[in-house]
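Student: One structure, pasted below without further comment.
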2 protein chains.
Amino acid sequence: MKRKDINHKSVNMQDVADTASTSIATVSRVINNSTSVKPHVRQKVLETIKALNYQIKFTSLRTKVIKIGLLIPDIKNPYFSILISGVTAVSKLYDAEIILCNCDNNVENERYHFKKLLELGIDGIIYIPFAKEINSIVYDLIDRKFPIVFLDRKSDLKNICFVTSNNFEGSYQAVTYLINLGHRDIMFISGPSYLSTSFTRLEGYKKGLAEHKIKFNPAKIIYGDTYQKTAYEEVIKFIEKKTAHFTAVFASNDLMAFGAWQALEEKGYRIPDNISIIGYDDIPFSSFASLTTVAQPGYEIGTNAILLLIDLIKGRIKPPKKIILRDSLIIRKSCKNIT
Amino acid sequence: MKRKDINHKSVNMQDVADTASTSIATVSRVINNSTSVKPHVRQKVLETIKALNYQIKFTSLRTKVIKIGLLIPDIKNPYFSILISGVTAVSKLYDAEIILCNCDNNVENERYHFKKLLELGIDGIIYIPFAKEINSIVYDLIDRKFPIVFLDRKSDLKNICFVTSNNFEGSYQAVTYLINLGHRDIMFISGPSYLSTSFTRLEGYKKGLAEHKIKFNPAKIIYGDTYQKTAYEEVIKFIEKKTAHFTAVFASNDLMAFGAWQALEEKGYRIPDNISIIGYDDIPFSSFASLTTVAQPGYEIGTNAILLLIDLIKGRIKPPKKIILRDSLIIRKSCKNIT
DNA sequence: CTGAAAGCGCTAACAT
DNA sequence: ATGTTAGCGCTTTCAG
């Protein structure tokens with residue numbers, strides 16, 4: 001899409017200078033309050049700007065606004081909305097421009113967006129990985145020392161900056177809580193195993209079991225894809241096949257917890273009377289549904305990410321740098337003591 | 001934030017031209033596949049680009065990518081997430097850049113974002129109004145014929161483009177459904193009355209009552225602010241004060257429906273046994289919670305909005321232009337027949 | 001087919 | 001205090 005297709009001829013700074021009988025430099029000075037300009041000249045320029053309805057623009061190629069690309073796996077996941085609200089809140093403080101890229105959990109989209117963002121001349125990227133394979137573009141960016149911060153994924157990559165939360169600890173807490181409530185058969189609904197969050201949460205789950213001498217049973221693990229729908233379907237299957245006995249479900253995110261909840265209700269179980277459920281993320285709905293869950297500080301992850309990115313862009317810090325925030329168990333009413 | 005603060009010196013097109021022993025114009029031609037370039041020259045240029053790790057950029061001031069500002073009242077509202085997903089899906093087809101602005105339901109933020117967007121030289125704006133007063137900047141934009149499309153608000157403004165859905169019809173259907181189920185005392189939780197959606201939905205509610213000879217009782221109207229929390233609080237108050245008798249609640253959005261639901265449960269009512277509830281929007285959670293609701297085609301509103309905006313930007317159409325999509329009642333399990 | 005040069009809208013260095 | 005001019009990184013005439 002080229003400018004020439006666009007129907008919009010507007011008055012520019014030179015026009016203002018001309019009709020105000022001064023130079024373009026002076027107009028620029030007035031607008032930027034840079035060096036002092038004689039009051040009556042400034043006055044005149046200001047008036048001319050109004051008169052011509054000139055739209056001030058900071059589009060010089062020399063001095064640019066910070067442009068940040070925000071790559072989101074799935075805009076419809078409420079957890080990411082919270083995270084975005086953290087990013088946008090801080091962006092205002094720096095007058096930074098946030099370019100939103102929704103990948104819809106699709107690797108092709110991700111690749112497309114990386115390419116386009118780079119072509120747009122962005123200054124940095126906030127990246128939430130979701131795919132199995134790290135996009136080759138990403139390796140390239142890291143090599144080039146391009147400012148990029150990873151979210152929610154520790155990864156084996158060297159020399160990257162990331163902010164995440166302590167998923168291991170959060171998961172461990174959740175499982176321990178269930179065990180203390182008397183549960184020993186705990187179904188775990190994992191996200192895709194290649195995501196560090198999923199993996200780490202599963203590890204936390206295992207540690208919780210191990211610490212209470214409960215044998216880990218792989219049959220009790222379901223692999224979902226973060227979506228509510230898939231979790232629902234998998235749990236239905238699990239129940240129909242009578243795969244394994246369980247008294248509690250720990251889902252790797254709230255969306256999947258709700259999918260499981262729905263499936264269980266449909267199969268005649270009542271929550272928490274027959275089955276206890278814990279989720280992860282603490283999306284807004286979880287409070288409504290009284291879902292006990294592990295809260296991730298999504299907003300803070302967002303604010304930390306952009307702050308870190310800006311430091312990177314300004315060259316104030318160099319990778320690697322990691323920020324790990326704390327997750328915390330929020331006890332509500334979806335779990336029952338069965339001792 | 002100025003470019004000079006930014007730590008990033010990169011190879012540019014001139015560098016490529018130099019080491020490929022050709023001119024910058026030729027490099028540009030190769031990149032844009034514009035005029036034909038001799039195969040071996042093209043080859044050489046391509047190799048040089050790789051060798052130097054040159055990042056292709058479309059940042060010329062002459063030819064620009066379409067930049068669209070997306071002003072969202074509240075990114076945390078799942079309904080807007082759906083809408084955004086519609087916008088971003090289409091944006092890809094045009095390689096358009098979407099600049100996300102989250103207003104957090106705050107007029108100052110809205111003003112800030114309008115100002116900044118304009119300064120960034122965007123080509124058009126997708127605007128979801130939420131404030132009582134239309135920002136003065138907006139009048140100015142309309143006067144200037146700046147490409148802007150309004151969402152979810154019909155408004156009294158002349159010569160604007162908007163896309164919305166038939167809220168009147170949707171609301172009317174919902175109320176009629178409740179009435180047919182035997183409900184005559186229907187509490188209505190409105191959004192802010194100055195929003196056309198709120199207003200129109202209230203009108204639909206009134207029409208539904210009128211058609212069945214049920215007298216409209218203002219005492220049964222609660223005014224919320226779109227948030228779940230406020231609806232919750234207002235319903236609690238309503239019940240405690242025994243303001244009016246009701247057997248059903250019709251909320252102007254799902255978030256508020258859930259707020260009401262929460263309040264009712266807390267006060268000992270069971271849904272739908274004692275009270276029936278209908279919402280509006282059909283956010284993803286409503287299906288989980290089995291909330292009967294009026295579905296707004298958020299995704300389609302988003303796609304239509306950006307399509308319309310691009311037409312506006314390209315000068316293919318002129319305001320006014322309105323697109324009105326259809327809302328439809330989704331019957332689930334939050335309502336009960338009480339006849 | 002290709003290079004030189006003008007120019008997009010603005011800022012900043014340099015004169016005066 | 002202000003005007004002139006070079007340039008940001010690229011595209012696009014215009015010559016040749």
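By convention in this document, the chains of the structure tokens carry letters A, B, ... by their order, each chain's residues are numbered from 1, and ligands are numbered from 1 in the order they are shown.
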Please find the residues of chain C near chain B - the criterion being any atom within 10 Å, counting only C-alpha atoms (C1' of nucleotides) - and write them as a PDB file with N, CA and C atoms (P, O5', C5', C4', C3', O3' and C1' of nucleotides), in the first residue's frame.
Tutor:
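Final file, out-v4.pdb:
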```
ATOM      1  P    DC C   1      16.061  -5.131 -18.654  1.00  0.00           P
ATOM      2  O5'  DC C   1      17.217  -4.058 -18.419  1.00  0.00           O
ATOM      3  C5'  DC C   1      18.563  -4.503 -18.374  1.00  0.00           C
ATOM      4  C4'  DC C   1      19.404  -3.356 -17.934  1.00  0.00           C
ATOM      5  C3'  DC C   1      19.433  -3.153 -16.415  1.00  0.00           C
ATOM      6  O3'  DC C   1      20.806  -3.200 -16.053  1.00  0.00           O
ATOM      7  C1'  DC C   1      19.083  -1.087 -17.533  1.00  0.00           C
ATOM      8  P    DT C   2      21.283  -3.187 -14.629  1.00  0.00           P
ATOM      9  O5'  DT C   2      21.549  -1.649 -14.397  1.00  0.00           O
ATOM     10  C5'  DT C   2      22.697  -1.077 -14.990  1.00  0.00           C
ATOM     11  C4'  DT C   2      22.700   0.394 -14.699  1.00  0.00           C
ATOM     12  C3'  DT C   2      22.714   0.747 -13.209  1.00  0.00           C
ATOM     13  O3'  DT C   2      23.901   1.460 -12.985  1.00  0.00           O
ATOM     14  C1'  DT C   2      21.231   2.127 -14.406  1.00  0.00           C
ATOM     15  P    DG C   3      24.462   1.517 -11.469  1.00  0.00           P
ATOM     16  O5'  DG C   3      24.658   3.099 -11.345  1.00  0.00           O
ATOM     17  C5'  DG C   3      25.403   3.747 -12.362  1.00  0.00           C
ATOM     18  C4'  DG C   3      25.054   5.214 -12.363  1.00  0.00           C
ATOM     19  C3'  DG C   3      25.126   5.864 -10.973  1.00  0.00           C
ATOM     20  O3'  DG C   3      25.800   7.100 -11.120  1.00  0.00           O
ATOM     21  C1'  DG C   3      23.003   6.276 -11.946  1.00  0.00           C
ATOM     22  P    DA C   4      26.273   7.904  -9.901  1.00  0.00           P
ATOM     23  O5'  DA C   4      25.610   9.324 -10.180  1.00  0.00           O
ATOM     24  C5'  DA C   4      25.335   9.727 -11.516  1.00  0.00           C
ATOM     25  C4'  DA C   4      24.526  11.013 -11.488  1.00  0.00           C
ATOM     26  C3'  DA C   4      24.693  11.865 -10.226  1.00  0.00           C
ATOM     27  O3'  DA C   4      24.539  13.211 -10.625  1.00  0.00           O
ATOM     28  C1'  DA C   4      22.459  11.108 -10.357  1.00  0.00           C
ATOM     29  P    DG C   7      12.982  18.941  -6.054  1.00  0.00           P
ATOM     30  O5'  DG C   7      12.321  17.923  -5.022  1.00  0.00           O
ATOM     31  C5'  DG C   7      11.482  16.892  -5.516  1.00  0.00           C
ATOM     32  C4'  DG C   7      11.126  15.989  -4.353  1.00  0.00           C
ATOM     33  C3'  DG C   7      10.806  16.754  -3.059  1.00  0.00           C
ATOM     34  O3'  DG C   7       9.615  16.226  -2.527  1.00  0.00           O
ATOM     35  C1'  DG C   7      12.332  15.048  -2.640  1.00  0.00           C
ATOM     36  P    DC C   8       8.649  17.143  -1.723  1.00  0.00           P
ATOM     37  O5'  DC C   8       7.967  16.123  -0.722  1.00  0.00           O
ATOM     38  C5'  DC C   8       7.352  14.906  -1.174  1.00  0.00           C
ATOM     39  C4'  DC C   8       7.411  13.937  -0.016  1.00  0.00           C
ATOM     40  C3'  DC C   8       7.319  14.634   1.331  1.00  0.00           C
ATOM     41  O3'  DC C   8       5.978  14.546   1.822  1.00  0.00           O
ATOM     42  C1'  DC C   8       9.077  12.973   1.291  1.00  0.00           C
ATOM     43  P    DG C   9       5.259  15.849   2.301  1.00  0.00           P
ATOM     44  O5'  DG C   9       5.817  16.016   3.787  1.00  0.00           O
ATOM     45  C5'  DG C   9       5.530  15.021   4.759  1.00  0.00           C
ATOM     46  C4'  DG C   9       6.313  15.372   6.011  1.00  0.00           C
ATOM     47  C3'  DG C   9       6.178  16.839   6.433  1.00  0.00           C
ATOM     48  O3'  DG C   9       5.858  16.868   7.808  1.00  0.00           O
ATOM     49  C1'  DG C   9       8.449  16.235   6.287  1.00  0.00           C
TER      50       DG C   9
END
```
Student: So, counting only C-alpha atoms, which residue among B:Ser34, B:Thr59, B:Ser290, B:Gln14 is closest to chain A?
Tutor: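 For chain A, the nearest of the given residues is B:Thr59.
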Student: By how many Å are CA of Pro192 (chain A) and CA of Gly224 (chain A) apart?
Tutor: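 CA of Gly224 (chain A) lies at a distance of 6.2 Å from CA of Pro192 (chain A).
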Student: Considering only C-alpha atoms (C1' of nucleotides), return as a list of chain:residue names whatever protein or nucleic-acid residues lie within 10 Å of DC14 (chain C), sequence-local ones (same chain, fewer than 6 positions apart) excluded.
Tutor: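 So, after excluding close chain neighbours, the residues are D:DT4, D:DT5, D:DA6.
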Student: What residues in chain B have any atom no more than 7 Å from chain A when counting only C-alpha atoms, and can you write them as an MDAnalysis selection string?
Tutor: chainID B and resid 1:7 56:59 62:66 75:76 78 81:82 85 88 94 97:100 102 118:121 262 288 313:315
Student: Taking only C-alpha atoms (C1' of nucleotides) into account, find every residue of chain D that has an atom no more than 9 Å from chain B, and write it out as number ranges by chain.
Tutor: D: 9-12
Student: Taking the backbone alone, and naming residues the way the document does, which bits of region 242-325 of chain B are helix (DSSP H, G or I) by DSSP, as JSON, numbers by chain?
Tutor: {"B": [254, 255, 256, 257, 258, 259, 260, 261, 262, 263, 264, 265, 266, 284, 285, 286, 287, 288, 289, 298, 299, 300, 301, 302, 303, 304, 305, 306, 307, 308, 309, 310, 311, 312, 313]}
Student: Which residues are near Pro319 (chain A)? Cut-off 6 Å, only C-alpha atoms (C1' of nucleotides), ignore same chain within fewer than 3 positions. Put them as a PyMOL selection string.
Tutor: chain A and resi 159-161
Student: With N, CA and C atoms retained, could you export that selection as a short mmCIF file (atom, residue, chain, number, x, y, z; two decimals), in the first residue's frame?
Tutor:
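Generated output (result.cif):
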```
data_model
loop_
_atom_site.label_atom_id
_atom_site.label_comp_id
_atom_site.auth_asym_id
_atom_site.auth_seq_id
_atom_site.Cartn_x
_atom_site.Cartn_y
_atom_site.Cartn_z
N ASN A 159 21.93 -15.44 26.17
CA ASN A 159 21.98 -14.00 25.94
C ASN A 159 20.68 -13.34 25.53
N ILE A 160 19.62 -13.76 26.15
CA ILE A 160 18.38 -13.06 25.87
C ILE A 160 17.89 -12.38 27.14
N CYS A 161 16.99 -11.46 26.96
CA CYS A 161 16.37 -10.80 28.09
C CYS A 161 14.96 -11.35 28.21
#
```
Student: To one decimal in Å, tell me the separation between CA of Phe114 (chain B) and CA of Ile142 (chain B).
Tutor: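 So the two atoms, CA of Phe114 (chain B) and CA of Ile142 (chain B), lie 13.0 Å apart.
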